[in-house]
>>> print(open('target_18.cif').read())   # mmCIF, C-alpha atoms and all ligand atoms
data_my_file
loop_
_atom_site.label_atom_id
_atom_site.label_comp_id
_atom_site.auth_asym_id
_atom_site.auth_seq_id
_atom_site.Cartn_x
_atom_site.Cartn_y
_atom_site.Cartn_z
CA MET A 1110 11.41 19.18 -85.80
CA ASN A 1111 13.01 19.95 -82.46
CA ARG A 1112 10.45 19.26 -79.73
CA PHE A 1113 11.97 21.85 -77.41
CA LEU A 1114 12.07 24.67 -79.94
CA GLU A 1115 9.24 26.59 -78.30
CA LEU A 1116 10.99 26.41 -74.97
CA ALA A 1117 14.24 27.86 -76.31
CA ALA A 1118 15.12 31.49 -75.73
CA PRO A 1119 13.75 33.51 -78.68
CA GLY A 1120 17.19 34.31 -80.11
CA VAL A 1121 18.28 30.68 -79.93
CA ARG A 1122 15.33 29.35 -81.96
CA GLY A 1123 16.57 30.62 -85.31
CA LEU A 1124 20.26 30.12 -84.57
CA LYS A 1125 22.40 28.23 -87.05
CA PRO A 1126 25.50 26.72 -85.46
CA TYR A 1127 28.95 27.96 -86.49
CA GLN A 1128 30.29 25.88 -89.39
CA PRO A 1129 33.86 24.87 -88.70
CA GLY A 1130 36.37 23.75 -91.31
CA LYS A 1131 36.11 20.06 -92.17
CA PRO A 1132 38.37 17.95 -89.95
CA ILE A 1133 40.96 15.75 -91.71
CA GLU A 1134 39.59 12.58 -90.03
CA GLU A 1135 36.10 13.28 -91.37
CA LEU A 1136 37.32 13.59 -94.95
CA GLU A 1137 39.43 10.45 -94.54
CA ARG A 1138 36.33 8.62 -93.37
CA GLU A 1139 34.12 9.96 -96.15
CA LEU A 1140 36.43 9.48 -99.11
CA GLY A 1141 38.87 6.90 -97.81
CA ILE A 1142 41.86 8.94 -99.00
CA GLN A 1143 45.17 9.62 -97.30
CA ASN A 1144 47.62 12.52 -97.36
CA ILE A 1145 44.95 15.11 -96.81
CA ILE A 1146 46.02 18.70 -96.18
CA LYS A 1147 43.85 21.12 -94.26
CA LEU A 1148 44.12 24.78 -95.14
CA ALA A 1149 40.71 25.61 -93.78
CA SER A 1150 40.88 26.95 -90.23
CA ASN A 1151 43.79 29.39 -90.13
CA GLU A 1152 45.89 27.11 -87.95
CA ASN A 1153 49.66 27.56 -87.76
CA PRO A 1154 51.18 24.98 -90.13
CA LEU A 1155 54.28 24.77 -87.91
CA GLY A 1156 52.17 23.75 -84.94
CA PRO A 1157 53.06 24.95 -81.46
CA SER A 1158 56.41 25.91 -80.04
CA PRO A 1159 58.21 22.79 -78.73
CA LYS A 1160 58.43 24.68 -75.43
CA ALA A 1161 54.65 25.08 -75.31
CA LEU A 1162 54.21 21.40 -76.08
CA ALA A 1163 56.65 20.38 -73.32
CA ALA A 1164 54.88 22.65 -70.82
CA ALA A 1165 51.52 21.16 -71.82
CA GLN A 1166 52.82 17.63 -71.38
CA GLN A 1167 54.19 18.49 -67.96
CA ALA A 1168 50.93 20.17 -66.92
CA LEU A 1169 48.96 17.10 -67.93
CA ALA A 1170 50.20 15.31 -64.80
CA ASP A 1171 48.31 17.89 -62.73
CA CYS A 1172 45.08 17.53 -64.68
CA TRP A 1173 43.29 16.05 -61.67
CA LEU A 1174 43.60 19.43 -59.92
CA TYR A 1175 41.42 22.38 -60.84
CA PRO A 1176 43.39 24.98 -62.78
CA ASP A 1177 44.22 28.36 -61.29
CA GLY A 1178 40.89 30.06 -61.90
CA ALA A 1179 42.60 33.45 -61.85
CA GLY A 1180 45.26 32.36 -64.35
CA PHE A 1181 47.86 34.27 -62.37
CA ALA A 1182 51.02 33.00 -64.09
CA LEU A 1183 49.74 33.64 -67.62
CA LYS A 1184 48.31 37.02 -66.67
CA LYS A 1185 51.63 38.01 -65.12
CA VAL A 1186 53.54 37.25 -68.32
CA LEU A 1187 50.90 38.96 -70.49
CA SER A 1188 50.91 41.98 -68.20
CA ASP A 1189 54.69 42.33 -68.51
CA ARG A 1190 54.75 41.81 -72.26
CA LEU A 1191 51.83 44.06 -73.10
CA ASP A 1192 52.71 46.63 -70.45
CA VAL A 1193 49.20 46.68 -69.03
CA PRO A 1194 48.09 46.14 -65.41
CA MET A 1195 46.98 42.61 -64.57
CA ASP A 1196 43.47 43.78 -63.72
CA CYS A 1197 42.98 44.82 -67.35
CA LEU A 1198 43.11 41.17 -68.42
CA THR A 1199 40.38 38.58 -68.91
CA LEU A 1200 41.34 35.03 -69.87
CA GLY A 1201 39.25 33.00 -72.28
CA ASN A 1202 38.82 29.46 -73.51
CA GLY A 1203 39.98 30.82 -76.84
CA SER A 1204 39.25 34.42 -77.66
CA SER A 1205 35.74 33.34 -78.69
CA ASP A 1206 35.13 33.34 -74.94
CA ILE A 1207 36.15 37.00 -74.74
CA LEU A 1208 33.71 37.92 -77.52
CA ASP A 1209 31.02 35.98 -75.67
CA PHE A 1210 31.76 37.63 -72.30
CA ALA A 1211 31.60 41.08 -73.89
CA VAL A 1212 28.13 40.36 -75.25
CA ARG A 1213 26.88 38.67 -72.09
CA ALA A 1214 28.18 41.44 -69.84
CA PHE A 1215 26.80 44.36 -71.85
CA VAL A 1216 24.14 43.38 -74.37
CA THR A 1217 20.42 42.92 -73.60
CA PRO A 1218 17.52 42.17 -75.97
CA ALA A 1219 16.82 45.91 -76.08
CA ASP A 1220 20.25 46.62 -77.58
CA GLU A 1221 21.84 46.56 -81.01
CA VAL A 1222 25.20 45.07 -81.95
CA MET A 1223 27.01 46.40 -85.00
CA PHE A 1224 29.45 44.61 -87.28
CA SER A 1225 30.40 44.56 -90.93
CA GLU A 1226 29.12 42.45 -93.76
CA HIS A 1227 31.63 39.64 -94.50
CA SER A 1228 32.91 39.66 -90.90
CA PHE A 1229 33.51 36.80 -88.45
CA ALA A 1230 30.53 34.40 -88.18
CA VAL A 1231 30.67 34.34 -84.39
CA TYR A 1232 29.47 37.98 -84.16
CA PRO A 1233 25.96 37.36 -85.54
CA ILE A 1234 25.65 34.13 -83.55
CA LEU A 1235 26.43 35.84 -80.22
CA THR A 1236 24.18 38.77 -81.07
CA GLN A 1237 21.24 36.56 -81.93
CA ALA A 1238 21.77 34.30 -78.92
CA ALA A 1239 21.55 37.40 -76.71
CA GLY A 1240 18.24 38.27 -78.34
CA ALA A 1241 19.71 41.55 -79.56
CA LYS A 1242 19.33 43.18 -82.95
CA ALA A 1243 22.24 42.98 -85.39
CA THR A 1244 23.16 46.04 -87.41
CA VAL A 1245 25.08 44.63 -90.36
CA VAL A 1246 26.91 47.43 -92.14
CA PRO A 1247 27.71 46.94 -95.85
CA ALA A 1248 31.40 46.39 -96.45
CA LYS A 1249 33.61 48.71 -98.46
CA ASP A 1250 36.25 47.00 -100.60
CA TRP A 1251 35.50 43.83 -98.58
CA GLY A 1252 36.42 45.53 -95.29
CA ASN A 1253 34.91 47.50 -92.42
CA ASP A 1254 33.46 50.79 -93.69
CA LEU A 1255 34.01 53.01 -90.66
CA ALA A 1256 32.20 56.04 -92.10
CA THR A 1257 29.05 54.05 -92.79
CA MET A 1258 29.35 52.33 -89.40
CA LYS A 1259 29.50 55.72 -87.74
CA ALA A 1260 26.48 56.90 -89.73
CA SER A 1261 24.58 53.72 -88.78
CA LEU A 1262 24.86 54.19 -85.00
CA THR A 1263 21.53 54.45 -83.21
CA ASP A 1264 20.44 55.23 -79.66
CA HIS A 1265 20.32 51.47 -79.10
CA THR A 1266 23.81 50.58 -80.34
CA ARG A 1267 25.61 49.04 -77.36
CA LEU A 1268 28.53 47.11 -78.85
CA ILE A 1269 30.54 47.09 -82.09
CA PHE A 1270 32.73 44.23 -83.33
CA ILE A 1271 35.66 45.11 -85.58
CA ALA A 1272 38.12 42.39 -86.58
CA ASN A 1273 41.49 43.82 -87.61
CA PRO A 1274 42.44 42.19 -89.86
CA ASN A 1275 39.01 40.92 -90.77
CA ASN A 1276 38.27 37.23 -91.17
CA PRO A 1277 37.48 35.91 -93.81
CA THR A 1278 38.48 38.82 -96.06
CA GLY A 1279 41.92 39.64 -94.59
CA THR A 1280 41.36 43.39 -94.99
CA TRP A 1281 42.76 45.75 -92.37
CA LEU A 1282 42.32 49.23 -90.95
CA ASP A 1283 45.19 51.61 -90.27
CA GLY A 1284 45.73 53.08 -86.84
CA GLU A 1285 44.67 56.60 -87.66
CA ALA A 1286 41.34 55.54 -89.14
CA LEU A 1287 40.52 53.02 -86.42
CA GLU A 1288 41.54 55.19 -83.50
CA GLY A 1289 39.65 58.13 -85.00
CA PHE A 1290 36.53 55.97 -85.15
CA ILE A 1291 36.90 54.84 -81.52
CA ARG A 1292 37.63 58.39 -80.35
CA GLY A 1293 34.40 59.57 -81.95
CA LEU A 1294 32.19 56.98 -80.25
CA PRO A 1295 30.02 57.82 -77.26
CA ARG A 1296 31.55 56.15 -74.19
CA HIS A 1297 28.50 53.99 -73.55
CA ILE A 1298 29.18 52.02 -76.74
CA LEU A 1299 31.62 49.17 -76.24
CA VAL A 1300 33.93 48.43 -79.15
CA VAL A 1301 35.62 45.06 -79.44
CA VAL A 1302 38.71 45.15 -81.63
CA ASP A 1303 39.30 41.51 -82.50
CA GLU A 1304 43.02 41.03 -83.10
CA ALA A 1305 43.07 37.25 -83.59
CA TYR A 1306 45.71 37.72 -86.33
CA PHE A 1307 47.69 40.51 -84.66
CA GLU A 1308 51.00 38.61 -84.62
CA TYR A 1309 50.78 37.95 -88.35
CA ALA A 1310 49.51 41.36 -89.45
CA SER A 1311 52.01 43.30 -87.35
CA HIS A 1312 55.07 41.52 -88.74
CA PRO A 1313 57.03 43.88 -91.02
CA ALA A 1314 57.22 41.30 -93.82
CA MET A 1315 53.44 41.54 -94.21
CA GLY A 1316 53.90 45.13 -95.35
CA ALA A 1317 50.90 46.50 -93.44
CA LYS A 1318 52.38 49.91 -92.72
CA GLY A 1319 50.28 51.72 -90.15
CA TYR A 1320 48.65 48.54 -88.83
CA PRO A 1321 47.87 49.44 -85.23
CA ASP A 1322 48.32 47.74 -81.86
CA ALA A 1323 44.96 48.54 -80.26
CA VAL A 1324 46.25 47.50 -76.81
CA ARG A 1325 48.08 50.84 -76.77
CA TRP A 1326 44.69 52.61 -76.75
CA VAL A 1327 43.10 50.77 -73.83
CA ALA A 1328 44.35 53.34 -71.29
CA LYS A 1329 42.71 56.12 -73.33
CA TYR A 1330 39.34 54.55 -74.19
CA PRO A 1331 37.55 52.82 -71.30
CA ASN A 1332 34.94 51.43 -73.72
CA LEU A 1333 37.57 49.51 -75.76
CA ILE A 1334 38.05 45.75 -75.48
CA VAL A 1335 40.90 44.14 -77.44
CA ALA A 1336 40.66 40.37 -78.02
CA ARG A 1337 43.69 38.19 -78.81
CA THR A 1338 44.24 34.47 -79.11
CA PHE A 1339 46.79 31.67 -78.86
CA SER A 1340 44.93 29.74 -81.58
CA LYS A 1341 46.50 31.34 -84.62
CA ALA A 1342 50.17 32.42 -84.68
CA TYR A 1343 50.90 30.59 -81.39
CA GLY A 1344 49.57 27.35 -82.83
CA ILE A 1345 47.58 25.94 -79.90
CA ALA A 1346 44.03 26.18 -81.29
CA GLY A 1347 43.15 22.76 -79.86
CA LEU A 1348 44.02 23.74 -76.30
CA ARG A 1349 41.80 26.87 -76.29
CA ALA A 1350 43.35 29.99 -74.84
CA GLY A 1351 42.74 33.65 -75.54
CA TYR A 1352 42.60 36.92 -73.65
CA GLY A 1353 40.96 40.31 -73.51
CA ILE A 1354 42.57 43.63 -72.64
CA SER A 1355 40.31 46.42 -71.41
CA HIS A 1356 39.71 48.98 -68.71
CA PRO A 1357 39.75 47.20 -65.31
CA ASP A 1358 36.07 48.00 -64.73
CA VAL A 1359 35.16 46.36 -68.02
CA ALA A 1360 37.43 43.39 -67.24
CA ASP A 1361 35.72 43.10 -63.84
CA LEU A 1362 32.32 42.75 -65.52
CA MET A 1363 33.59 40.28 -68.11
CA ASN A 1364 35.13 38.22 -65.32
CA ARG A 1365 31.76 38.11 -63.56
CA VAL A 1366 30.20 36.20 -66.45
CA ARG A 1367 33.31 34.04 -67.01
CA PRO A 1368 32.89 30.42 -65.90
CA PRO A 1369 35.23 29.88 -62.93
CA PHE A 1370 37.70 27.44 -64.56
CA ASN A 1371 37.27 28.29 -68.22
CA VAL A 1372 40.92 27.84 -69.19
CA SER A 1373 42.45 24.42 -68.47
CA ASN A 1374 45.73 23.98 -66.62
CA VAL A 1375 47.22 22.49 -69.81
CA ALA A 1376 46.17 25.48 -71.90
CA LEU A 1377 47.43 27.94 -69.27
CA ALA A 1378 50.82 26.23 -69.15
CA ALA A 1379 51.17 25.99 -72.92
CA ALA A 1380 50.13 29.60 -73.49
CA THR A 1381 52.56 30.87 -70.86
CA ALA A 1382 55.42 28.89 -72.41
CA ALA A 1383 54.44 29.91 -75.94
CA LEU A 1384 54.92 33.56 -75.01
CA ALA A 1385 58.49 32.80 -74.03
CA ASP A 1386 59.46 31.39 -77.43
CA ASP A 1387 60.01 34.41 -79.66
CA GLN A 1388 62.03 32.33 -82.07
CA HIS A 1389 59.12 30.05 -82.89
CA LEU A 1390 56.82 33.04 -83.32
CA THR A 1391 59.28 34.70 -85.69
CA ARG A 1392 59.60 31.51 -87.74
CA SER A 1393 55.81 31.28 -87.92
CA GLN A 1394 55.50 34.90 -89.01
CA GLU A 1395 58.20 34.62 -91.65
CA LEU A 1396 56.81 31.36 -93.03
CA ASN A 1397 53.41 33.02 -93.27
CA ALA A 1398 54.67 36.12 -95.08
CA ALA A 1399 56.57 33.98 -97.59
CA GLY A 1400 53.60 31.64 -98.05
CA MET A 1401 51.33 34.61 -98.67
CA ARG A 1402 53.61 35.78 -101.49
CA GLN A 1403 53.66 32.23 -102.87
CA LEU A 1404 49.84 32.02 -102.97
CA GLU A 1405 49.53 35.52 -104.45
CA ALA A 1406 51.99 34.60 -107.19
CA GLY A 1407 50.14 31.35 -107.86
CA PHE A 1408 46.79 33.11 -108.16
CA GLY A 1409 48.40 35.72 -110.39
CA ALA A 1410 49.75 33.01 -112.68
CA GLN A 1411 46.29 31.43 -112.88
CA GLY A 1412 44.62 34.79 -113.52
CA LEU A 1413 42.49 34.52 -110.38
CA PRO A 1414 41.62 37.71 -108.47
CA TYR A 1415 42.16 37.61 -104.71
CA ILE A 1416 41.58 39.96 -101.79
CA PRO A 1417 44.94 41.18 -100.44
CA SER A 1418 45.26 39.94 -96.83
CA VAL A 1419 47.51 40.55 -93.85
CA GLY A 1420 46.31 37.49 -91.94
CA ASN A 1421 47.40 33.87 -92.45
CA PHE A 1422 44.68 33.25 -95.02
CA LEU A 1423 43.28 34.83 -98.13
CA CYS A 1424 40.16 34.74 -100.26
CA VAL A 1425 40.45 33.87 -103.93
CA ASP A 1426 37.72 34.53 -106.46
CA VAL A 1427 37.29 31.38 -108.54
CA GLY A 1428 34.99 33.18 -110.99
CA ARG A 1429 32.09 30.76 -110.57
CA PRO A 1430 30.09 29.29 -107.69
CA ALA A 1431 32.78 28.05 -105.34
CA ALA A 1432 30.86 25.15 -103.74
CA PRO A 1433 31.62 22.63 -106.54
CA VAL A 1434 35.24 23.82 -106.61
CA TYR A 1435 35.46 23.21 -102.86
CA ASP A 1436 34.04 19.68 -103.34
CA ALA A 1437 36.44 18.93 -106.17
CA LEU A 1438 39.37 20.10 -104.02
CA LEU A 1439 38.20 17.76 -101.24
CA ARG A 1440 38.46 14.86 -103.66
CA GLU A 1441 42.04 15.96 -104.34
CA GLY A 1442 42.66 15.77 -100.60
CA VAL A 1443 42.78 19.53 -100.06
CA ILE A 1444 40.45 21.11 -97.49
CA VAL A 1445 39.84 24.83 -97.86
CA ARG A 1446 36.95 26.94 -96.61
CA PRO A 1447 33.83 27.84 -98.58
CA VAL A 1448 32.60 31.32 -97.61
CA ALA A 1449 29.15 31.46 -99.23
CA ASN A 1450 27.69 31.78 -95.73
CA TYR A 1451 29.71 35.00 -95.42
CA GLY A 1452 28.02 36.40 -98.53
CA MET A 1453 30.93 35.41 -100.77
CA PRO A 1454 29.61 32.61 -103.02
CA ASN A 1455 32.42 32.80 -105.62
CA HIS A 1456 35.31 32.91 -103.15
CA LEU A 1457 37.24 30.27 -101.29
CA ARG A 1458 39.31 31.08 -98.21
CA VAL A 1459 42.62 29.29 -98.00
CA THR A 1460 44.96 29.26 -95.03
CA VAL A 1461 48.65 29.83 -95.74
CA GLY A 1462 50.38 26.49 -95.26
CA ARG A 1463 53.94 25.23 -95.54
CA PRO A 1464 55.52 25.81 -98.99
CA GLU A 1465 54.78 22.27 -100.20
CA GLU A 1466 51.18 22.51 -98.99
CA ASN A 1467 50.67 25.83 -100.78
CA GLU A 1468 52.16 24.28 -103.91
CA ARG A 1469 49.88 21.29 -103.69
CA PHE A 1470 46.83 23.47 -103.17
CA LEU A 1471 47.73 25.69 -106.15
CA ALA A 1472 48.26 22.67 -108.41
CA ALA A 1473 44.98 21.09 -107.26
CA LEU A 1474 43.12 24.36 -107.83
CA GLU A 1475 44.52 24.72 -111.34
CA HIS A 1476 43.57 21.13 -112.10
CA VAL A 1477 40.05 21.54 -110.69
CA LEU A 1478 39.38 24.79 -112.55
CA ALA A 1479 40.75 23.53 -115.88
C1 LIG B 1501 40.10 32.47 -85.09
C2 LIG B 1501 39.41 33.73 -84.72
C3 LIG B 1501 39.10 34.04 -83.39
C4 LIG B 1501 39.45 33.25 -82.21
O1 LIG B 1501 39.32 31.94 -82.16
P1 LIG B 1501 39.66 31.22 -80.77
O2 LIG B 1501 40.20 29.92 -81.22
O3 LIG B 1501 38.37 31.12 -80.04
O4 LIG B 1501 40.64 32.04 -80.04
C5 LIG B 1501 38.51 35.25 -83.12
N1 LIG B 1501 38.22 36.11 -84.09
C6 LIG B 1501 38.50 35.87 -85.36
C7 LIG B 1501 38.19 36.90 -86.37
C8 LIG B 1501 39.09 34.66 -85.72
O5 LIG B 1501 39.35 34.43 -87.00
#
>>> encode(input="target_18.cif", output="structure tokens", more="lines below")
Ligand SMILES: *Cc1c(COP(=O)(O)O)cnc(C)c1O
Amino acid sequence: MNRFLELAAPGVRGLKPYQPGKPIEELERELGIQNIIKLASNENPLGPSPKALAAAQQALADCWLYPDGAGFALKKVLSDRLDVPMDCLTLGNGSSDILDFAVRAFVTPADEVMFSEHSFAVYPILTQAAGAKATVVPAKDWGNDLATMKASLTDHTRLIFIANPNNPTGTWLDGEALEGFIRGLPRHILVVVDEAYFEYASHPAMGAKGYPDAVRWVAKYPNLIVARTFSKAYGIAGLRAGYGISHPDVADLMNRVRPPFNVSNVALAAATAALADDQHLTRSQELNAAGMRQLEAGFGAQGLPYIPSVGNFLCVDVGRPAAPVYDALLREGVIVRPVANYGMPNHLRVTVGRPEENERFLAALEHVLA
């Protein structure tokens, strides 16, 4: 029993912390095995661009200085690349920060926050921490059901989270449907389009025809916030860098709740350099598209249904409670992600790895299910 429970803010009392993927070191410690592969947290199996790594190493020498709290250099590059004014940008310690700032800037305990069933676990955590009510809309074909979301709006709805593609299901919304939904919203409802996997989903080899770039809509919809990250395709999850794109007035409010030095000088330098290495990004995107096909083919051969995904992960239905399958895979040295806490007890989410990692996972899965 936590002795301070009664002192905690009401929303915090019932909060269950986010469950991350199991770290390799922890599994090594627990089972004493080597050669573990982690396909559990949607990290880029190629790691960061060598240019990003070099920039990070160089920036480390300046770690005794506070970082540029305004993040000018990174914002300048983002502004040029995205073709948006610099005052539309908010920098985050990962894009989780952007999601947090959106809630803290706009949501009070009198408000409701809407998101889909089977969507990112951070949305309910932020909502509850703010003391607000969550409106969880049933999913359709594992994805956001925009019609039901629209029908579920109330006078108290203040903010809507939509991940495109969604994590953990990998489902996506096309531009016409998503923009139509945003266009139809009253302007006092903020909508956060979470594009953590934008670089993967938008690559032609993923075949997501009509997958939108929501940044293009920011000039039209002042209540739209787009969140992106350097944790996924850019491969610097451990350094923590992400950004939001929104109307300048919305960015101004999000920057008011932002801690002054939330992005480290090392992360700023690495992110800025990562944006300059298109070659590494392309390699990462192509490896992911090929790995996705490899996993799909493997599941097909094993007769396992899966949810088609345009991210760097996908959910496979193992046809039985997945928790023991997850444990058995751990003992084979393969870490994937159980998703029972997302309302998907028979699925496992696996991150697309390098070809040999995908192969090893598929073989381990076949062995474990036999
Ligand atoms: C990974 C992820 C994020 C961002 O993570 P950060 O490391 O904080 O940038 C945001 N949304 C979704 C849906 C994700 O899967």
>>> closest_residue(input="target_18.cif", among="A:Phe1422, A:Ile1444, A:Ala1378, A:Arg1463", to="Cys1172 of chain A", atoms="only C-alpha atoms")
A:Ala1378
>>> residues_near_point(input="target_18.cif", point="(38.1, 47.5, -85.3)", cutoff="8 Å", atoms="all atoms listed in the file", output="number ranges by chain")
A: 1253, 1270-1273, 1282, 1287, 1300-1303
>>> residues_near_ligand(input="target_18.cif", ligand="ligand LIG 1501 (chain B)", cutoff="9 Å", atoms="only C-alpha atoms and all ligand atoms", output="JSON, numbers by chain")
{"A": [1150, 1151, 1152, 1201, 1202, 1203, 1204, 1205, 1206, 1207, 1208, 1228, 1229, 1230, 1231, 1232, 1271, 1272, 1273, 1274, 1275, 1276, 1277, 1303, 1304, 1305, 1306, 1336, 1337, 1338, 1339, 1340, 1341, 1345, 1346, 1347, 1348, 1349, 1350, 1351, 1352]}
>>> residues_around(input="target_18.cif", residues="Ala1382 of chain A", least_positions_apart="4", cutoff="10 Å", atoms="only C-alpha atoms", output="JSON, numbers by chain")
{"A": [1158, 1159, 1160, 1161, 1162, 1163, 1164, 1165, 1183, 1186, 1376, 1377, 1378, 1386]}
>>> residues_near_point(input="target_18.cif", point="(30.5, 49.8, -79.9)", cutoff="6 Å", atoms="all atoms listed in the file", output="ChimeraX atom specification")
/A:1267-1269,1298-1300
